[in-house]
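The block underneath contains the structure these notes are about, expressed in structure tokens.
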Amino acid sequence: METTTFTQSNYINDYNSLQLSLPLNLGIKIDSNSEVVSFLKAIEGVNLGKYLKRDEGRGRKGHDRVMILKVILFAYSLGERELRKMEELCRNDIRFLYLSDESTPSHMTFERLMKNYLIKDIDDIFFEVSLSIGSKMNIDTHIQYIDGTKIEANANKNTFVYKKRILNAREKLFPKITELIIRMNMELGYAFPYHYFYCAQEIGYMLQYLMETMVTTDTEIVYGKGKRKTAFQKYYDEFMEYYTKLDGYEYWLDIIGSERNSCSKTDHDATMCATKMDYYCNTGLSRPCYNAQIAVSDGIIVNADLYQRAGDTKTFIPFMERNYEYTGRYPEYPVTDAGYGSYDNYMFCLTHDIKLFMKYPMYAKKNTADFQKKIYNTINWKKNEFGFRICPNGEVFNCYLHDHYENDGTYLKIKQLYTTEEDKCEACPHKQECCKSERRVISRDVVLEEFYATVDENLSTEYGKELKKQRSIQAEGAFGVIKQDMKFIRFTRRGIENAKMEFLLVCLGYNLKKFHLHRLKEMKKETEISIIN
């Protein structure tokens, strides 16, 4: 009888299927100290669905948009900003599996939500979530520590356009155009007008007339070696060169606008800014950047925005107006560094019942030993009982000359010009070091001097000193966490709207991270109290 031998291995020994085990709910497996628990408590009570209303239409329903937004916000709180990384986390990370209800959205799902919804509603989402976190942490928004920083745009740093260079090049081009028009009028018998300023459209009319003339007279247009151009074609080619240059100048001037001095060819909304000292070159480098402004209260960013200005001074008023638009009030104590102290900003605070706790440019420098050695600087001059300056030679500058008006800002600024008696400066032994003209003329802004005196008084108190210290800790500390811990030093999106959305999401991630640390601290206190009791 034939026997059969089984060479197949024993299926019992090699059986490697995983046994299904409880619990099936992932929320039970997540620890109570997890970041996702803090995240859900932070957005509890916030109706995110009102910003993500679906348009009526046929087709597949798609993923839940509120769920997608929650995944994005939670990823930013962990410092994860790459969309493909979010897609990977939704497949492998238990916290994201719990948030997404075990669905697996692709990176394009996140991109579509950002492009179609977050760009237009990011301001409302930021303020609603931030105020919700602030109410749970009982923060005081009457005190806001304000600071700004330059964050590099997603643009090539060598593709810059400066307004001043364009204006200078255009100014040099105008005389050449005038000379060409005069030559053409004399040679061809035309009567085209010429003046000191030209626009591309005006040169375009001349080009059109020359082209129509060549067409009607059957003039052959030739190019290349050995070809002789007609007079019409010669003037046409020269005017075409000037037209191309003027059109390019006007194009970039329109993009730069009246409030900026530069832009980048790669990202038109970015402004060329002098950034911090470079480690390798030991010089300040000009890079395309956005000016990011934040206001911090008790560690939470309660206001944030992007600006195209290189300096911080003119961002203060629109930043305060933004706070009023979304919260209904102005902060009572805005604490800033010296970059925000200006006449317009102080007048804005005065008219809106805001306390003056903003440093001015010479606040710290005027008390340094090196600066006080500059005896010919009017800031170091003493004043008499009437507020007039006394020069190092003992002469009082009380001879009124006239008023100087400045109306380039939000508020009218008036300066009074004073000098000393006519022959005093001539006989002064310090004339060579003190003044460059015949007599020294100094300006006096009485209103601004009162503002400075009020700031000095407010910041010299114990409360003012504490506010100055907290500004350095909270506002600059927030930027330190964003740049160093969260590694956000360069935008990945182009255009101010896209960059603003990205920056506000980073600020929301910072606030959510702060709330998580606050919650762990409160849980630790409760545990200690329960042990004691």
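Just remember, in the structure tokens the first chain shown is A, the second B, etc., residues are 1-based per chain, and ligands are 1-based in the order shown.
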Legend entry - Neighbour list for range 378-395 of chain A as a PyMOL selection string, cut-off 12 Å, only C-alpha atoms, skip fewer than 2 positions in-chain: chain A and resi 362-363+365-376+397-400+416-425+427-431+433-435+440-446+449-450
Residues of range 309-371 of chain A that have any atom at most 12 Å from an atom of range 259-269 of chain A: could you tabulate them with the shortest-distance atom pair and the distance in Å to one decimal, using only C-alpha atoms, ordered by chain and increasing number, as JSON lines?
```
{"residue": "A:Arg309", "atom": "CA", "partner": "A:Arg260", "partner_atom": "CA", "distance": 6.5}
{"residue": "A:Ala310", "atom": "CA", "partner": "A:Arg260", "partner_atom": "CA", "distance": 8.2}
{"residue": "A:Gly311", "atom": "CA", "partner": "A:Arg260", "partner_atom": "CA", "distance": 10.6}
{"residue": "A:Lys314", "atom": "CA", "partner": "A:Glu259", "partner_atom": "CA", "distance": 10.2}
{"residue": "A:Thr315", "atom": "CA", "partner": "A:Glu259", "partner_atom": "CA", "distance": 11.7}
```
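Between CA of Asp337 in chain A and CA of Lys136 in chain A the interatomic distance comes to 29.0 Å.
With CA of Tyr243 in chain A on one side and CA of Arg228 in chain A on the other, the separation reads 22.9 Å.
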Legend entry - Within 7 Å of Gln144 in chain A using only C-alpha atoms, minus same-chain residues under 6 positions, as JSON, numbers by chain: {"A": [295, 296, 297, 331, 333, 334, 335]}
Legend entry - DSSP-assigned strand (DSSP E or B) members of range 263-392 of chain A, reported as JSON, numbers by chain: {"A": [263, 264, 271, 272, 273, 274, 275, 276, 277, 284, 285, 286, 287, 288, 289, 290, 291, 292, 293, 294, 295, 296, 297, 300, 301, 302, 303, 304, 305, 306, 307, 333, 334, 335, 336, 357, 358, 382, 383, 389, 390]}
Inset, instruction - Would you mind listing what lies within 8 Å of range 514-516 of chain A as JSON, numbers by chain, with only C-alpha atoms counted and same-chain residues fewer than 6 positions away left out? - result: {"A": [35, 38, 39, 42, 133, 137, 299, 300]}
Inset, instruction - Do a neighbour search on Asp344 in chain A at 9 Å with only C-alpha atoms, toss out local chain neighbours closer than 3 positions, and write the hits as a PyMOL selection string. - result: chain A and resi 314+317+341+347-349+409-413
Grab the residues selected above and save them as a PDB file, in the first residue's frame with N, CA, C and O atoms.
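Dumped to result.pdb:
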```pdb
ATOM      1  N   LYS A 314       4.646 102.291  12.406  1.00  0.00           N
ATOM      2  CA  LYS A 314       3.359 102.536  11.763  1.00  0.00           C
ATOM      3  C   LYS A 314       2.454 101.310  11.750  1.00  0.00           C
ATOM      4  O   LYS A 314       1.389 101.349  11.126  1.00  0.00           O
ATOM      5  N   ILE A 317      -1.035 101.523  15.183  1.00  0.00           N
ATOM      6  CA  ILE A 317      -2.430 101.969  15.087  1.00  0.00           C
ATOM      7  C   ILE A 317      -3.308 100.932  14.392  1.00  0.00           C
ATOM      8  O   ILE A 317      -4.369 100.571  14.921  1.00  0.00           O
ATOM      9  N   GLY A 341       7.310 104.014  19.925  1.00  0.00           N
ATOM     10  CA  GLY A 341       7.083 105.321  20.508  1.00  0.00           C
ATOM     11  C   GLY A 341       7.188 106.432  19.483  1.00  0.00           C
ATOM     12  O   GLY A 341       8.281 106.807  19.057  1.00  0.00           O
ATOM     13  N   MET A 347      -0.595 110.056  20.375  1.00  0.00           N
ATOM     14  CA  MET A 347      -1.856 110.773  20.193  1.00  0.00           C
ATOM     15  C   MET A 347      -3.019 109.796  20.052  1.00  0.00           C
ATOM     16  O   MET A 347      -4.125 110.048  20.560  1.00  0.00           O
ATOM     17  N   PHE A 348      -2.792 108.678  19.392  1.00  0.00           N
ATOM     18  CA  PHE A 348      -3.839 107.661  19.266  1.00  0.00           C
ATOM     19  C   PHE A 348      -4.208 107.114  20.645  1.00  0.00           C
ATOM     20  O   PHE A 348      -5.401 106.929  20.946  1.00  0.00           O
ATOM     21  N   CYS A 349      -3.214 106.851  21.468  1.00  0.00           N
ATOM     22  CA  CYS A 349      -3.486 106.359  22.826  1.00  0.00           C
ATOM     23  C   CYS A 349      -4.239 107.401  23.643  1.00  0.00           C
ATOM     24  O   CYS A 349      -5.143 107.068  24.415  1.00  0.00           O
ATOM     25  N   GLY A 409       1.645 112.403   8.846  1.00  0.00           N
ATOM     26  CA  GLY A 409       1.147 111.296   9.646  1.00  0.00           C
ATOM     27  C   GLY A 409      -0.354 111.362   9.856  1.00  0.00           C
ATOM     28  O   GLY A 409      -1.093 112.053   9.135  1.00  0.00           O
ATOM     29  N   THR A 410      -0.821 110.656  10.865  1.00  0.00           N
ATOM     30  CA  THR A 410      -2.248 110.641  11.172  1.00  0.00           C
ATOM     31  C   THR A 410      -2.695 111.940  11.830  1.00  0.00           C
ATOM     32  O   THR A 410      -3.801 112.422  11.605  1.00  0.00           O
ATOM     33  N   TYR A 411      -1.824 112.506  12.641  1.00  0.00           N
ATOM     34  CA  TYR A 411      -2.156 113.715  13.381  1.00  0.00           C
ATOM     35  C   TYR A 411      -1.191 114.839  12.988  1.00  0.00           C
ATOM     36  O   TYR A 411      -0.033 114.593  12.650  1.00  0.00           O
ATOM     37  N   LEU A 412      -1.687 116.084  13.066  1.00  0.00           N
ATOM     38  CA  LEU A 412      -0.872 117.251  12.761  1.00  0.00           C
ATOM     39  C   LEU A 412       0.177 117.444  13.854  1.00  0.00           C
ATOM     40  O   LEU A 412      -0.136 117.427  15.043  1.00  0.00           O
ATOM     41  N   LYS A 413       1.421 117.650  13.439  1.00  0.00           N
ATOM     42  CA  LYS A 413       2.532 117.824  14.371  1.00  0.00           C
ATOM     43  C   LYS A 413       3.126 119.214  14.182  1.00  0.00           C
ATOM     44  O   LYS A 413       3.434 119.617  13.058  1.00  0.00           O
TER      45      LYS A 413
END
```
Inset, instruction - Name the residues of range 305-437 of chain A that fall into helix (DSSP H, G or I) according to DSSP on the backbone, using the chain letters and numbers of this document, as JSON, numbers by chain. - result: {"A": [313, 314, 315, 316, 317, 318, 319, 320, 321, 322, 323, 324, 325, 326, 327, 338, 339, 340, 343, 344, 345, 346, 347, 348, 349, 350, 351, 365, 366, 367, 369, 370, 371, 372, 378, 379, 380, 431, 432, 433, 434]}
Pull the closest atom pair for each residue of range 130-247 of chain A that gets at most 6 Å from range 477-491 of chain A, along with the distance in Å to one decimal, counting only C-alpha atoms, ordering rows by chain and then ascending residue number, as CSV.
```
residue,atom,partner,partner_atom,distance
A:Ile151,CA,A:Arg490,CA,5.9
A:Glu152,CA,A:Arg490,CA,4.8
A:Ala153,CA,A:Phe491,CA,5.2
A:Asn154,CA,A:Phe491,CA,5.4
```
Let's have the selection written as an mmCIF file, in the first residue's frame, with all heavy atoms.
```
data_model
loop_
_atom_site.group_PDB
_atom_site.id
_atom_site.type_symbol
_atom_site.label_atom_id
_atom_site.label_comp_id
_atom_site.auth_asym_id
_atom_site.auth_seq_id
_atom_site.Cartn_x
_atom_site.Cartn_y
_atom_site.Cartn_z
ATOM 1 N N ILE A 151 10.032 87.823 9.651
ATOM 2 C CA ILE A 151 10.068 86.413 9.278
ATOM 3 C C ILE A 151 10.254 86.345 7.767
ATOM 4 O O ILE A 151 9.519 86.988 7.004
ATOM 5 C CB ILE A 151 8.788 85.685 9.704
ATOM 6 C CG1 ILE A 151 8.628 85.753 11.226
ATOM 7 C CG2 ILE A 151 8.829 84.224 9.247
ATOM 8 C CD1 ILE A 151 7.387 85.064 11.740
ATOM 9 N N GLU A 152 11.232 85.574 7.343
ATOM 10 C CA GLU A 152 11.609 85.539 5.929
ATOM 11 C C GLU A 152 10.500 84.936 5.078
ATOM 12 O O GLU A 152 9.884 83.928 5.435
ATOM 13 C CB GLU A 152 12.892 84.728 5.760
ATOM 14 C CG GLU A 152 13.483 84.804 4.362
ATOM 15 C CD GLU A 152 14.818 84.098 4.261
ATOM 16 O OE1 GLU A 152 15.325 83.629 5.292
ATOM 17 O OE2 GLU A 152 15.357 84.017 3.140
ATOM 18 N N ALA A 153 10.248 85.566 3.946
ATOM 19 C CA ALA A 153 9.231 85.095 3.007
ATOM 20 C C ALA A 153 9.791 83.978 2.134
ATOM 21 O O ALA A 153 11.007 83.773 2.035
ATOM 22 C CB ALA A 153 8.735 86.251 2.140
ATOM 23 N N ASN A 154 8.891 83.279 1.493
ATOM 24 C CA ASN A 154 9.280 82.210 0.570
ATOM 25 C C ASN A 154 9.609 82.842 -0.780
ATOM 26 O O ASN A 154 8.855 82.764 -1.746
ATOM 27 C CB ASN A 154 8.148 81.193 0.437
ATOM 28 C CG ASN A 154 8.529 80.027 -0.450
ATOM 29 O OD1 ASN A 154 9.693 79.850 -0.806
ATOM 30 N ND2 ASN A 154 7.557 79.230 -0.830
#
```
I'd like the contact shell of Val37 in chain A - 10 Å cut-off, only C-alpha atoms, skipping same-chain residues fewer than 3 positions apart - returned as an mmCIF file with N, CA, C and O atoms, in the first residue's frame.
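Output below, filename result-v6.cif:
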```cif
data_model
loop_
_atom_site.group_PDB
_atom_site.id
_atom_site.type_symbol
_atom_site.label_atom_id
_atom_site.label_comp_id
_atom_site.auth_asym_id
_atom_site.auth_seq_id
_atom_site.Cartn_x
_atom_site.Cartn_y
_atom_site.Cartn_z
ATOM 1 N N GLY A 27 -10.250 56.174 22.195
ATOM 2 C CA GLY A 27 -10.184 57.158 23.263
ATOM 3 C C GLY A 27 -9.844 56.552 24.606
ATOM 4 O O GLY A 27 -9.253 57.215 25.473
ATOM 5 N N ILE A 30 -6.002 56.345 25.108
ATOM 6 C CA ILE A 30 -5.240 57.589 25.205
ATOM 7 C C ILE A 30 -5.162 58.032 26.654
ATOM 8 O O ILE A 30 -6.170 58.044 27.372
ATOM 9 N N ASP A 31 -3.975 58.376 27.076
ATOM 10 C CA ASP A 31 -3.764 58.818 28.458
ATOM 11 C C ASP A 31 -4.423 60.173 28.701
ATOM 12 O O ASP A 31 -4.522 61.009 27.793
ATOM 13 N N SER A 32 -4.832 60.409 29.925
ATOM 14 C CA SER A 32 -5.499 61.671 30.248
ATOM 15 C C SER A 32 -4.553 62.862 30.180
ATOM 16 O O SER A 32 -5.000 64.011 30.093
ATOM 17 N N ASN A 33 -3.257 62.627 30.239
ATOM 18 C CA ASN A 33 -2.278 63.703 30.138
ATOM 19 C C ASN A 33 -1.873 64.004 28.699
ATOM 20 O O ASN A 33 -0.992 64.833 28.478
ATOM 21 N N SER A 34 -2.497 63.355 27.733
ATOM 22 C CA SER A 34 -2.097 63.518 26.343
ATOM 23 C C SER A 34 -2.462 64.902 25.820
ATOM 24 O O SER A 34 -3.398 65.562 26.301
ATOM 25 N N LEU A 40 -8.841 69.035 22.870
ATOM 26 C CA LEU A 40 -10.298 68.958 22.822
ATOM 27 C C LEU A 40 -10.938 69.828 23.901
ATOM 28 O O LEU A 40 -12.000 70.419 23.697
ATOM 29 N N LYS A 41 -10.295 69.923 25.057
ATOM 30 C CA LYS A 41 -10.819 70.803 26.104
ATOM 31 C C LYS A 41 -10.648 72.270 25.722
ATOM 32 O O LYS A 41 -11.467 73.120 26.086
ATOM 33 N N ALA A 42 -9.576 72.595 24.985
ATOM 34 C CA ALA A 42 -9.324 73.983 24.605
ATOM 35 C C ALA A 42 -10.367 74.488 23.615
ATOM 36 O O ALA A 42 -10.804 75.643 23.703
ATOM 37 N N ARG A 95 -3.316 59.406 18.374
ATOM 38 C CA ARG A 95 -4.002 60.664 18.695
ATOM 39 C C ARG A 95 -4.728 61.204 17.464
ATOM 40 O O ARG A 95 -5.869 61.676 17.555
ATOM 41 N N HIS A 516 -2.101 73.340 27.005
ATOM 42 C CA HIS A 516 -1.765 71.984 27.450
ATOM 43 C C HIS A 516 -0.848 72.028 28.675
ATOM 44 O O HIS A 516 -1.075 71.283 29.659
ATOM 45 N N ARG A 519 -2.876 73.098 31.646
ATOM 46 C CA ARG A 519 -3.740 72.024 32.139
ATOM 47 C C ARG A 519 -2.953 71.002 32.949
ATOM 48 O O ARG A 519 -3.420 70.535 34.015
#
```
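Counting only C-alpha atoms, range 116-125 of chain A has the following residues at most 7 Å away, ignoring those fewer than 6 positions along the same chain: Tyr51, Leu52, Glu497, Asn498 and Met501 of chain A.
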Listing only residues of range 424-533 of chain A within 8 Å of range 77-94 of chain A, what is the closest atom pair and its distance in Å (to one decimal) for each, using only C-alpha atoms, sorted by chain and residue number ascending, as a tab-separated table?
```
residue	atom	partner	partner_atom	distance
A:Met486	CA	A:Gly79	CA	5.2
A:Lys487	CA	A:Gly79	CA	7.6
A:Val506	CA	A:Ser77	CA	7.6
A:Leu508	CA	A:Ser77	CA	7.2
A:Gly509	CA	A:Ser77	CA	3.6
A:Tyr510	CA	A:Ser77	CA	6.0
A:Asn511	CA	A:Ser77	CA	7.8
A:Leu512	CA	A:Ser77	CA	5.7
A:Lys513	CA	A:Ser77	CA	5.5
```
For the residues in that selection, give me C-alpha atoms as a short mmCIF file (atom, residue, chain, number, x, y, z; two decimals), in the first residue's frame.
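Below you can see part-v2.cif, which holds the result:
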```cif
data_model
loop_
_atom_site.label_atom_id
_atom_site.label_comp_id
_atom_site.auth_asym_id
_atom_site.auth_seq_id
_atom_site.Cartn_x
_atom_site.Cartn_y
_atom_site.Cartn_z
CA MET A 486 8.51 75.28 16.71
CA LYS A 487 11.16 75.90 13.99
CA VAL A 506 1.33 78.89 14.07
CA LEU A 508 -2.92 79.11 17.39
CA GLY A 509 -0.58 76.14 17.73
CA TYR A 510 1.44 78.15 20.26
CA ASN A 511 -1.69 78.96 22.28
CA LEU A 512 -2.86 75.34 22.26
CA LYS A 513 0.56 74.24 23.45
#
```
